[in-house]
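A.B. asks: Dropping in protein-v1.csv, which is CSV, C-alpha atoms:
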chain,number,residue,atom,x,y,z
A,1,MET,CA,24.0,-2.5,5.0
A,2,ASN,CA,22.4,-5.8,6.3
A,3,ALA,CA,20.8,-3.9,9.1
A,4,ILE,CA,19.2,-1.5,6.5
A,5,ARG,CA,17.9,-4.5,4.5
A,6,ARG,CA,16.4,-6.1,7.5
A,7,ARG,CA,14.5,-3.0,8.4
A,8,PHE,CA,13.1,-2.7,4.9
A,9,GLN,CA,10.0,-4.9,4.7
A,10,PRO,CA,8.0,-6.0,1.7
A,11,GLU,CA,4.9,-4.1,3.0
A,12,GLN,CA,6.8,-0.9,2.6
A,13,VAL,CA,6.8,-1.5,-1.2
A,14,ARG,CA,3.0,-1.0,-1.1
A,15,GLU,CA,3.4,2.3,0.7
A,16,LEU,CA,6.0,3.5,-1.8
A,17,VAL,CA,3.8,2.4,-4.7
A,18,LEU,CA,0.9,4.3,-3.1
A,19,ILE,CA,2.9,7.5,-2.8
A,20,ALA,CA,4.0,7.2,-6.5
A,21,LEU,CA,0.4,6.4,-7.5
A,22,ILE,CA,-1.0,9.4,-5.6
A,23,ILE,CA,1.6,11.7,-7.3
A,24,GLY,CA,0.7,10.2,-10.7
A,25,ILE,CA,-3.0,10.6,-10.2
A,26,ILE,CA,-2.6,14.2,-9.1
A,27,ILE,CA,-0.5,14.9,-12.2
A,28,PHE,CA,-3.1,13.3,-14.4
A,29,PHE,CA,-6.1,15.2,-13.0
A,30,GLY,CA,-3.9,18.4,-13.1
A,31,THR,CA,-3.8,18.0,-16.9
A,32,GLN,CA,-7.6,17.4,-17.1
A,33,ILE,CA,-9.1,19.9,-14.6
A,34,GLU,CA,-8.6,23.6,-14.9
A,35,ASN,CA,-6.9,25.3,-11.9
A,36,TYR,CA,-6.4,21.8,-10.3
A,37,PHE,CA,-3.0,22.8,-8.9
A,38,SER,CA,-4.3,25.4,-6.5
A,39,PRO,CA,-4.4,25.8,-2.7
A,40,ARG,CA,-8.1,25.4,-2.9
A,41,THR,CA,-7.8,21.9,-4.2
A,42,PHE,CA,-5.5,20.9,-1.3
A,43,THR,CA,-7.8,22.5,1.2
A,44,ARG,CA,-10.8,20.7,-0.2
A,45,ILE,CA,-9.1,17.3,-0.2
A,46,SER,CA,-7.4,17.7,3.2
A,47,THR,CA,-10.6,18.7,4.9
A,48,SER,CA,-12.7,15.9,3.4
A,49,VAL,CA,-10.1,13.2,4.1
A,50,ALA,CA,-9.8,13.9,7.8
A,51,VAL,CA,-12.9,12.0,8.9
A,52,VAL,CA,-12.2,8.8,6.9
A,53,ALA,CA,-8.5,8.9,7.8
A,54,ILE,CA,-9.2,8.9,11.5
A,55,VAL,CA,-11.8,6.1,11.2
A,56,ALA,CA,-9.4,4.1,8.9
A,57,VAL,CA,-6.7,4.1,11.7
A,58,GLY,CA,-9.2,2.5,14.1
A,59,GLN,CA,-10.3,0.1,11.3
A,60,THR,CA,-6.7,-0.9,10.8
A,61,LEU,CA,-6.2,-1.9,14.5
A,62,VAL,CA,-9.2,-4.2,14.2
A,63,ILE,CA,-8.3,-5.7,10.9
A,64,LEU,CA,-4.8,-6.4,12.2
A,65,THR,CA,-6.4,-8.9,14.6
A,66,ARG,CA,-8.3,-10.7,11.7
A,67,ASN,CA,-11.5,-8.9,12.5
A,68,ILE,CA,-13.5,-6.1,10.9
A,69,ASP,CA,-15.7,-3.2,12.2
A,70,LEU,CA,-18.7,-2.4,10.0
A,71,SER,CA,-20.4,-0.3,12.7
A,72,VAL,CA,-18.0,2.7,12.5
A,73,GLY,CA,-20.2,4.7,10.1
A,74,SER,CA,-23.2,4.4,12.5
A,75,ILE,CA,-20.9,5.4,15.5
A,76,VAL,CA,-19.7,8.5,13.6
A,77,GLY,CA,-23.3,9.5,12.8
A,78,PHE,CA,-24.6,8.7,16.3
A,79,THR,CA,-21.7,10.6,18.0
A,80,ALA,CA,-22.0,13.6,15.7
A,81,TYR,CA,-25.8,13.9,16.4
A,82,VAL,CA,-25.7,13.4,20.2
A,83,VAL,CA,-22.8,15.7,20.8
A,84,GLY,CA,-24.3,18.2,18.3
A,85,THR,CA,-27.7,18.1,20.0
A,86,TYR,CA,-26.1,18.7,23.4
A,87,LEU,CA,-23.9,21.6,22.1
A,88,ALA,CA,-26.9,23.2,20.5
A,89,ALA,CA,-28.7,23.2,23.9
A,90,ASN,CA,-25.5,24.2,25.9
A,91,ASN,CA,-23.4,26.6,23.8
A,92,ASP,CA,-21.2,27.3,26.8
A,93,LEU,CA,-19.9,23.6,27.0
A,94,PRO,CA,-16.0,23.7,26.9
A,95,PRO,CA,-14.6,22.4,23.6
A,96,ALA,CA,-12.3,19.8,25.4
A,97,LEU,CA,-15.3,18.4,27.2
A,98,ALA,CA,-17.2,18.1,23.9
A,99,VAL,CA,-14.3,16.2,22.3
A,100,LEU,CA,-14.0,13.9,25.3
A,101,ALA,CA,-17.8,13.2,25.2
A,102,ALA,CA,-17.6,12.2,21.5
A,103,VAL,CA,-14.6,9.9,22.2
A,104,GLY,CA,-16.2,8.4,25.2
A,105,ILE,CA,-19.5,7.6,23.4
A,106,GLY,CA,-17.6,6.0,20.6
A,107,ALA,CA,-15.5,4.0,23.0
A,108,VAL,CA,-18.6,2.6,24.8
A,109,MET,CA,-20.1,1.5,21.5
A,110,GLY,CA,-16.7,0.0,20.5
A,111,ALA,CA,-16.5,-1.8,23.9
A,112,PHE,CA,-19.9,-3.5,23.2
A,113,ASN,CA,-18.6,-4.7,19.9
A,114,GLY,CA,-15.3,-5.9,21.5
A,115,MET,CA,-17.1,-7.7,24.3
A,116,VAL,CA,-19.3,-9.8,22.1
A,117,VAL,CA,-16.5,-10.5,19.6
A,118,ALA,CA,-13.6,-11.2,22.0
A,119,TYR,CA,-15.4,-12.8,24.9
A,120,GLY,CA,-18.6,-14.0,23.2
A,121,ARG,CA,-16.6,-15.4,20.4
A,122,VAL,CA,-19.1,-14.3,17.8
A,123,PRO,CA,-17.6,-13.5,14.3
A,124,ALA,CA,-16.9,-9.8,14.0
A,125,ILE,CA,-18.6,-9.4,10.7
A,126,ILE,CA,-21.9,-10.6,12.2
A,127,VAL,CA,-21.6,-8.5,15.4
A,128,THR,CA,-20.7,-5.3,13.7
A,129,LEU,CA,-23.2,-5.7,10.9
A,130,GLY,CA,-25.8,-6.1,13.6
A,131,THR,CA,-24.6,-3.1,15.6
A,132,LEU,CA,-24.4,-1.0,12.4
A,133,ALA,CA,-28.2,-1.4,12.2
A,134,ILE,CA,-28.7,-1.1,16.0
A,135,TYR,CA,-26.7,2.1,16.4
A,136,ARG,CA,-28.4,3.7,13.4
A,137,THR,CA,-31.8,2.7,14.7
A,138,LEU,CA,-31.0,4.3,18.1
A,139,LEU,CA,-30.0,7.4,16.3
A,140,VAL,CA,-33.4,7.5,14.4
A,141,GLU,CA,-35.3,6.9,17.6
A,142,ILE,CA,-33.6,9.6,19.7
A,143,SER,CA,-33.7,12.1,16.9
A,144,GLY,CA,-37.4,12.1,16.4
A,145,ALA,CA,-36.7,13.1,12.7
A,146,ARG,CA,-35.1,16.4,13.9
A,147,SER,CA,-31.8,17.6,12.6
A,148,VAL,CA,-29.0,19.4,14.3
A,149,LEU,CA,-28.7,22.9,12.7
A,150,THR,CA,-25.5,24.9,12.2
A,151,SER,CA,-27.3,28.0,13.4
A,152,ALA,CA,-27.9,26.5,16.9
A,153,LEU,CA,-24.2,25.3,17.4
A,154,PRO,CA,-21.7,27.5,19.3
A,155,ARG,CA,-19.6,29.8,17.3
A,156,TRP,CA,-16.3,28.2,18.2
A,157,LEU,CA,-17.5,24.9,16.6
A,158,VAL,CA,-18.8,26.6,13.4
A,159,ASN,CA,-15.5,28.5,13.0
A,160,LEU,CA,-13.4,25.4,13.6
A,161,PRO,CA,-13.0,24.1,10.0
A,162,PRO,CA,-11.3,27.2,8.6
A,163,VAL,CA,-8.8,27.4,11.5
A,164,ASN,CA,-5.2,27.1,10.2
A,165,VAL,CA,-2.4,25.5,12.2
A,166,PHE,CA,0.3,26.8,10.0
A,167,SER,CA,0.9,27.6,6.3
A,168,ILE,CA,3.4,26.3,3.7
A,169,GLY,CA,3.7,29.0,1.1
A,170,ALA,CA,0.1,29.5,-0.2
A,171,ILE,CA,-1.1,26.2,1.2
A,172,ASP,CA,-2.9,26.3,4.6
A,173,ILE,CA,-2.8,23.3,6.9
A,174,ARG,CA,-6.2,23.2,8.5
A,175,LEU,CA,-6.7,22.1,12.1
A,176,LEU,CA,-9.0,19.2,11.3
A,177,PHE,CA,-6.4,17.7,8.9
A,178,ALA,CA,-3.7,18.3,11.5
A,179,VAL,CA,-5.7,16.3,14.0
A,180,ALA,CA,-6.0,13.4,11.5
A,181,VAL,CA,-2.3,13.4,10.9
A,182,LEU,CA,-1.6,13.5,14.6
A,183,VAL,CA,-3.8,10.4,15.1
A,184,VAL,CA,-1.9,8.6,12.3
A,185,ILE,CA,1.5,9.5,13.8
A,186,VAL,CA,0.5,8.5,17.4
A,187,PHE,CA,-0.9,5.1,16.4
A,188,GLN,CA,1.9,4.4,13.9
A,189,LEU,CA,4.3,4.8,16.8
A,190,ILE,CA,2.1,2.7,19.1
A,191,VAL,CA,1.9,-0.3,16.7
A,192,THR,CA,5.6,-0.1,15.8
A,193,TYR,CA,7.3,0.4,19.1
A,194,SER,CA,4.9,-0.7,21.9
A,195,ALA,CA,4.5,-4.2,23.3
A,196,TRP,CA,0.8,-4.0,22.7
A,197,GLY,CA,1.4,-3.2,19.0
A,198,ARG,CA,3.7,-6.1,18.5
A,199,ARG,CA,1.2,-8.4,20.1
A,200,LEU,CA,-1.5,-7.0,17.8
A,201,TYR,CA,0.5,-8.1,14.8
A,202,ALA,CA,1.3,-11.5,16.4
A,203,ILE,CA,-2.3,-12.3,17.1
A,204,GLY,CA,-3.3,-11.4,13.5
A,205,SER,CA,-0.4,-13.3,12.0
A,206,ASN,CA,-0.8,-16.5,14.0
A,207,PRO,CA,-3.5,-16.6,16.6
A,208,ASP,CA,-2.7,-20.1,17.8
A,209,ALA,CA,1.0,-19.3,18.3
A,210,ALA,CA,0.1,-16.1,20.1
A,211,ARG,CA,-2.2,-18.0,22.4
A,212,ILE,CA,0.5,-20.6,23.1
A,213,ALA,CA,3.0,-17.8,23.8
A,214,GLY,CA,0.6,-16.6,26.5
A,215,PHE,CA,-0.6,-13.4,24.9
A,216,PRO,CA,-3.9,-12.1,26.3
A,217,ALA,CA,-5.6,-12.3,22.9
A,218,GLN,CA,-9.1,-11.6,24.1
A,219,ARG,CA,-8.1,-8.5,25.9
A,220,ILE,CA,-6.0,-7.2,22.9
A,221,VAL,CA,-8.9,-7.8,20.5
A,222,PHE,CA,-11.3,-6.1,22.9
A,223,THR,CA,-9.0,-3.1,23.2
A,224,ALA,CA,-8.7,-2.8,19.4
A,225,PHE,CA,-12.5,-2.5,19.2
A,226,VAL,CA,-12.6,0.1,22.0
A,227,LEU,CA,-10.0,2.2,20.2
A,228,SER,CA,-11.8,1.8,16.9
A,229,GLY,CA,-15.0,3.0,18.5
A,230,ALA,CA,-13.2,5.9,20.3
A,231,LEU,CA,-11.6,7.0,17.0
A,232,ALA,CA,-14.9,6.8,15.2
A,233,GLY,CA,-16.3,9.0,18.0
A,234,LEU,CA,-13.5,11.5,17.4
A,235,ALA,CA,-14.3,11.3,13.7
A,236,GLY,CA,-17.9,12.0,14.6
A,237,PHE,CA,-16.9,15.3,16.3
A,238,VAL,CA,-14.8,16.2,13.2
A,239,PHE,CA,-17.8,15.4,11.1
A,240,LEU,CA,-20.0,17.6,13.2
A,241,ALA,CA,-17.5,20.5,13.0
A,242,ARG,CA,-17.1,20.1,9.2
A,243,PHE,CA,-20.8,19.8,8.2
A,244,GLY,CA,-22.8,21.4,11.1
A,245,ASN,CA,-26.1,20.2,9.8
A,246,ILE,CA,-26.5,16.6,11.1
A,247,THR,CA,-29.4,14.3,10.1
A,248,VAL,CA,-30.1,10.6,10.9
A,249,VAL,CA,-28.1,9.5,7.8
A,250,ALA,CA,-24.9,11.2,8.9
A,251,GLY,CA,-21.9,8.9,8.5
A,252,GLN,CA,-23.5,6.4,6.2
A,253,GLY,CA,-21.0,4.8,3.9
A,254,ILE,CA,-18.0,5.6,6.1
A,255,GLU,CA,-17.6,1.9,7.0
A,256,LEU,CA,-17.0,1.1,3.3
A,257,GLN,CA,-14.7,4.0,2.9
A,258,SER,CA,-12.6,3.1,6.0
A,259,VAL,CA,-12.3,-0.5,4.8
A,260,ALA,CA,-11.3,0.6,1.4
A,261,ALA,CA,-8.7,3.0,2.8
A,262,ALA,CA,-7.2,0.3,5.0
A,263,VAL,CA,-7.1,-2.4,2.4
A,264,VAL,CA,-5.9,-0.1,-0.4
A,265,GLY,CA,-3.3,1.1,2.1
A,266,GLY,CA,-1.8,-2.4,2.4
A,267,VAL,CA,-3.6,-3.7,5.5
A,268,ASN,CA,-4.1,-7.4,4.9
A,269,ILE,CA,-7.8,-8.5,5.4
A,270,ASN,CA,-6.5,-11.7,6.9
A,271,GLY,CA,-4.7,-9.8,9.7
A,272,GLY,CA,-1.1,-9.3,10.9
A,273,ILE,CA,0.0,-7.0,8.1
A,274,GLY,CA,-0.4,-3.3,7.5
A,275,SER,CA,0.0,0.0,9.3
A,276,PRO,CA,-1.9,3.2,10.2
A,277,PHE,CA,0.4,5.2,7.8
A,278,GLY,CA,-0.6,2.9,5.0
A,279,ALA,CA,-4.3,3.3,5.8
A,280,PHE,CA,-3.8,7.1,5.8
A,281,LEU,CA,-2.2,6.8,2.3
A,282,GLY,CA,-5.2,4.6,1.2
A,283,ALA,CA,-7.6,7.2,2.5
A,284,LEU,CA,-5.8,10.0,0.7
A,285,LEU,CA,-5.8,8.0,-2.5
A,286,VAL,CA,-9.5,7.2,-2.3
A,287,ASP,CA,-10.4,10.8,-1.4
A,288,ILE,CA,-8.3,12.3,-4.2
A,289,ILE,CA,-9.9,10.1,-6.8
A,290,ASP,CA,-13.4,10.7,-5.3
A,291,ASN,CA,-13.0,14.5,-5.2
A,292,SER,CA,-11.3,14.7,-8.6
A,293,LEU,CA,-13.9,12.6,-10.4
A,294,ILE,CA,-16.7,14.8,-9.1
A,295,ARG,CA,-15.0,17.8,-10.6
A,296,TRP,CA,-13.9,16.1,-13.8
A,297,LEU,CA,-16.9,13.9,-14.8
A,298,ALA,CA,-19.5,14.8,-12.1
A,299,ILE,CA,-20.2,11.1,-11.5
A,300,SER,CA,-23.0,10.0,-9.2
A,301,GLU,CA,-22.7,8.7,-5.7
A,302,PHE,CA,-23.6,5.2,-6.9
A,303,LEU,CA,-20.7,5.1,-9.3
A,304,ARG,CA,-18.4,6.4,-6.7
A,305,ASN,CA,-19.4,3.6,-4.4
A,306,ALA,CA,-18.9,1.1,-7.2
A,307,LEU,CA,-15.4,2.6,-7.7
A,308,LEU,CA,-14.7,2.0,-4.0
A,309,GLY,CA,-15.7,-1.6,-4.4
A,310,LEU,CA,-13.5,-2.0,-7.4
A,311,LEU,CA,-10.5,-0.5,-5.5
A,312,ILE,CA,-11.1,-3.0,-2.6
A,313,LEU,CA,-11.1,-5.9,-5.1
A,314,LEU,CA,-8.0,-4.7,-6.8
A,315,ALA,CA,-6.2,-4.2,-3.5
A,316,VAL,CA,-7.1,-7.6,-2.2
A,317,ALA,CA,-6.1,-9.2,-5.6
A,318,THR,CA,-2.8,-7.3,-5.5
A,319,ASP,CA,-2.1,-8.4,-2.0
A,320,THR,CA,-3.0,-12.0,-2.7
A,321,VAL,CA,-0.9,-12.4,-5.9
A,322,ILE,CA,1.9,-9.9,-5.9
A,323,MET,CA,2.6,-9.1,-2.3
A,324,ASN,CA,2.4,-12.8,-1.3
A,325,ARG,CA,5.0,-13.6,-3.9
A,326,LEU,CA,7.2,-10.7,-2.7
A,327,ARG,CA,6.9,-11.9,0.9
A,328,LYS,CA,7.9,-15.4,0.0
A,329,LEU,CA,11.0,-14.1,-1.9
A,330,TRP,CA,11.8,-11.9,1.1
A,331,SER,CA,11.5,-14.8,3.6
A,332,ARG,CA,13.7,-17.0,1.4
A,333,HIS,CA,16.3,-14.2,1.3
A,334,GLU,CA,16.2,-13.7,5.1
A,335,LEU,CA,16.5,-17.5,5.6
A,336,GLN,CA,19.6,-17.5,3.4
A,337,VAL,CA,21.1,-14.6,5.4
A,338,ALA,CA,20.3,-16.3,8.7
A,339,THR,CA,21.8,-19.6,7.7
A,340,GLY,CA,24.9,-18.0,6.2
A,341,GLN,CA,24.1,-19.0,2.6
A,342,ALA,CA,25.0,-16.4,0.1
A,343,PRO,CA,22.8,-15.8,-3.0
A,344,THR,CA,24.1,-17.8,-6.0
A,345,GLU,CA,26.0,-15.7,-8.4
A,346,LYS,CA,27.9,-17.0,-11.5
A,347,GLY,CA,28.0,-20.6,-10.3
A,348,LYS,CA,29.2,-19.7,-6.7
A,349,GLY,CA,27.7,-21.8,-4.0
A,350,HIS,CA,27.8,-21.4,-0.2
A,351,ARG,CA,29.9,-18.9,1.6
A,352,ALA,CA,32.8,-20.3,3.5
A,353,VAL,CA,32.1,-20.9,7.2
Is it possible to express this structure as structure tokens?

C.D. replies:
Amino acid sequence: MNAIRRRFQPEQVRELVLIALIIGIIIFFGTQIENYFSPRTFTRISTSVAVVAIVAVGQTLVILTRNIDLSVGSIVGFTAYVVGTYLAANNDLPPALAVLAAVGIGAVMGAFNGMVVAYGRVPAIIVTLGTLAIYRTLLVEISGARSVLTSALPRWLVNLPPVNVFSIGAIDIRLLFAVAVLVVIVFQLIVTYSAWGRRLYAIGSNPDAARIAGFPAQRIVFTAFVLSGALAGLAGFVFLARFGNITVVAGQGIELQSVAAAVVGGVNINGGIGSPFGAFLGALLVDIIDNSLIRWLAISEFLRNALLGLLILLAVATDTVIMNRLRKLWSRHELQVATGQAPTEKGKGHRAV
């Protein structure tokens, strides 16, 4: 029983609350929107959440190190345009090579961010705010105001979004959604069980202690940015497959959505706390609200962005007030268990030693 209690962490409360909240919101919109409980609704949400979910996993890795990556939206747009342009001119390019090219382009852009942040010691918010503009400007310059058109893309790419991996009853699990889920699972396992993942949490929780312990902090931060860029590149390919028509504004706003997904999913903006699975739940919650509000009230994009900002503020406030209190109570309980002190009950004091 004690082993079970030790495995259960306060952060998991946020994930359980998110799951309950997602179910509650689905039930609410189901009572407000006609034919809401249909396979079509699941397909719409699962397809649209794939891009943000993949980017949010990379964003989580960076935030765990007490940094942030605001350039991911520009990386998504740049990758989608460059790979789309090349595929339009070379329809016989193998799919695996196209995916690797997208991931590679994103990784190079992420490496530039990581180099300046980790080794140049420039604050991440300044660096990635600058590269957000630089990468977008590069896209505008190389595009020459031309768009990538669906009609010019190879058929295998155009036919990719409707591809089903398997079906559960009347619900089809699309390939793009399955890719996003696979990314979440892989990186959840990495941060939970690998030495690199444990060091990632250690650096975010206490950078000074991690440095004294001999952890290669700069290399780990650099790697986190490279992975964030690579995942943004993969998301760029998914974005290209989903929309086909790519313009210079492709991917705008994804940086805000990825931060919202991570923070709402329980990733502490001060680093050291959170998980890719929580970020996925956050992305799912944000996407469900976004898609449902469009069908229910047909609200504008400006109001949806305002809602994202409100969700970020609520998530940070919740983490600061409620979760911090819960963590203190949990730490006190763990200390009592470690020192052999039993919780006081009906006037009883310490356990006999």

A.B. asks: Determine, counting only C-alpha atoms, which protein, DNA and RNA residues have an atom within 12 Å of an atom of Ile126 of chain A; residues of the same chain fewer than 2 positions away are not included. Present the result as a list in words.

C.D. replies: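 So the residues in contact are Asn67, Ile68, Asp69, Leu70, Ser71, Asn113, Val116, Val117, Gly120, Arg121, Val122, Pro123, Ala124, Thr128, Leu129, Gly130, Thr131, Leu132 and Ala133 of chain A.
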
A.B. asks: To one decimal place, how far is atom CA of Arg136 of chain A from atom CA of Pro161 of chain A in Å?

C.D. replies: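 Atom-to-atom, atom CA of Arg136 of chain A to atom CA of Pro161 of chain A, that is 25.8 Å.
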
A.B. asks: Just how far from atom CA of Thr247 of chain A is atom CA of Ile289 of chain A, in Å to one decimal?

C.D. replies: 26.1 Å

A.B. asks: Restricting the calculation to all atoms listed in the file: of A:Ala210, A:Val248, A:Leu87, A:Val191, which residue gets closest to Tyr135 of chain A?

C.D. replies: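 Ranked by minimum distance to Tyr135 of chain A, first place goes to A:Val248.
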
A.B. asks: Neighbours of Ile22 of chain A within 10 Å (only C-alpha atoms; same-chain residues fewer than 2 positions away dropped), as a PyMOL selection string?

C.D. replies: chain A and resi 16-20+24-28+281-282+284-286+288-289

A.B. asks: For the residues in that selection, give me C-alpha atoms as a PDB file, keeping the file's coordinate frame.

C.D. replies:
ATOM      1  CA  LEU A  16       6.000   3.500  -1.800  1.00  0.00           C
ATOM      2  CA  VAL A  17       3.800   2.400  -4.700  1.00  0.00           C
ATOM      3  CA  LEU A  18       0.900   4.300  -3.100  1.00  0.00           C
ATOM      4  CA  ILE A  19       2.900   7.500  -2.800  1.00  0.00           C
ATOM      5  CA  ALA A  20       4.000   7.200  -6.500  1.00  0.00           C
ATOM      6  CA  GLY A  24       0.700  10.200 -10.700  1.00  0.00           C
ATOM      7  CA  ILE A  25      -3.000  10.600 -10.200  1.00  0.00           C
ATOM      8  CA  ILE A  26      -2.600  14.200  -9.100  1.00  0.00           C
ATOM      9  CA  ILE A  27      -0.500  14.900 -12.200  1.00  0.00           C
ATOM     10  CA  PHE A  28      -3.100  13.300 -14.400  1.00  0.00           C
ATOM     11  CA  LEU A 281      -2.200   6.800   2.300  1.00  0.00           C
ATOM     12  CA  GLY A 282      -5.200   4.600   1.200  1.00  0.00           C
ATOM     13  CA  LEU A 284      -5.800  10.000   0.700  1.00  0.00           C
ATOM     14  CA  LEU A 285      -5.800   8.000  -2.500  1.00  0.00           C
ATOM     15  CA  VAL A 286      -9.500   7.200  -2.300  1.00  0.00           C
ATOM     16  CA  ILE A 288      -8.300  12.300  -4.200  1.00  0.00           C
ATOM     17  CA  ILE A 289      -9.900  10.100  -6.800  1.00  0.00           C
TER      18      ILE A 289
END

A.B. asks: For Ile185 of chain A, which residue among A:Asn91, A:Gly30, A:Ser275, A:Leu310 is the nearest when counting only C-alpha atoms?

C.D. replies: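 Of all the options, A:Ser275 lies closest to Ile185 of chain A.
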
A.B. asks: How far is it from atom CA of Leu100 of chain A to atom CA of Leu139 of chain A, in Å with one decimal?

C.D. replies: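 A separation of 19.5 Å between them.
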
A.B. asks: Complete the atoms of segment 220-234 of chain A to N, CA and C atoms and put them out as a PDB file, keeping the file's coordinate frame.

C.D. replies:
ATOM      1  N   ILE A 220      -6.612  -8.024  24.016  1.00  0.00           N
ATOM      2  CA  ILE A 220      -6.000  -7.200  22.900  1.00  0.00           C
ATOM      3  C   ILE A 220      -7.092  -6.927  21.864  1.00  0.00           C
ATOM      4  N   VAL A 221      -7.861  -7.959  21.492  1.00  0.00           N
ATOM      5  CA  VAL A 221      -8.900  -7.800  20.500  1.00  0.00           C
ATOM      6  C   VAL A 221      -9.979  -6.796  21.043  1.00  0.00           C
ATOM      7  N   PHE A 222     -10.340  -6.967  22.319  1.00  0.00           N
ATOM      8  CA  PHE A 222     -11.300  -6.100  22.900  1.00  0.00           C
ATOM      9  C   PHE A 222     -10.809  -4.620  22.900  1.00  0.00           C
ATOM     10  N   THR A 223      -9.537  -4.416  23.237  1.00  0.00           N
ATOM     11  CA  THR A 223      -9.000  -3.100  23.200  1.00  0.00           C
ATOM     12  C   THR A 223      -8.954  -2.471  21.826  1.00  0.00           C
ATOM     13  N   ALA A 224      -8.671  -3.310  20.819  1.00  0.00           N
ATOM     14  CA  ALA A 224      -8.700  -2.800  19.400  1.00  0.00           C
ATOM     15  C   ALA A 224     -10.053  -2.294  19.051  1.00  0.00           C
ATOM     16  N   PHE A 225     -11.105  -2.978  19.458  1.00  0.00           N
ATOM     17  CA  PHE A 225     -12.500  -2.500  19.200  1.00  0.00           C
ATOM     18  C   PHE A 225     -12.806  -1.247  19.933  1.00  0.00           C
ATOM     19  N   VAL A 226     -12.350  -1.166  21.183  1.00  0.00           N
ATOM     20  CA  VAL A 226     -12.600   0.100  22.000  1.00  0.00           C
ATOM     21  C   VAL A 226     -11.920   1.255  21.299  1.00  0.00           C
ATOM     22  N   LEU A 227     -10.681   1.071  20.867  1.00  0.00           N
ATOM     23  CA  LEU A 227     -10.000   2.200  20.200  1.00  0.00           C
ATOM     24  C   LEU A 227     -10.602   2.511  18.861  1.00  0.00           C
ATOM     25  N   SER A 228     -11.082   1.496  18.137  1.00  0.00           N
ATOM     26  CA  SER A 228     -11.800   1.800  16.900  1.00  0.00           C
ATOM     27  C   SER A 228     -13.020   2.604  17.120  1.00  0.00           C
ATOM     28  N   GLY A 229     -13.791   2.252  18.169  1.00  0.00           N
ATOM     29  CA  GLY A 229     -15.000   3.000  18.500  1.00  0.00           C
ATOM     30  C   GLY A 229     -14.632   4.436  18.959  1.00  0.00           C
ATOM     31  N   ALA A 230     -13.566   4.565  19.772  1.00  0.00           N
ATOM     32  CA  ALA A 230     -13.200   5.900  20.300  1.00  0.00           C
ATOM     33  C   ALA A 230     -12.728   6.788  19.108  1.00  0.00           C
ATOM     34  N   LEU A 231     -11.972   6.232  18.158  1.00  0.00           N
ATOM     35  CA  LEU A 231     -11.600   7.000  17.000  1.00  0.00           C
ATOM     36  C   LEU A 231     -12.739   7.370  16.104  1.00  0.00           C
ATOM     37  N   ALA A 232     -13.714   6.458  16.001  1.00  0.00           N
ATOM     38  CA  ALA A 232     -14.900   6.800  15.200  1.00  0.00           C
ATOM     39  C   ALA A 232     -15.695   7.897  15.945  1.00  0.00           C
ATOM     40  N   GLY A 233     -15.668   7.901  17.290  1.00  0.00           N
ATOM     41  CA  GLY A 233     -16.300   9.000  18.000  1.00  0.00           C
ATOM     42  C   GLY A 233     -15.592  10.319  17.778  1.00  0.00           C
ATOM     43  N   LEU A 234     -14.246  10.295  17.772  1.00  0.00           N
ATOM     44  CA  LEU A 234     -13.500  11.500  17.400  1.00  0.00           C
ATOM     45  C   LEU A 234     -13.815  11.971  16.023  1.00  0.00           C
TER      46      LEU A 234
END
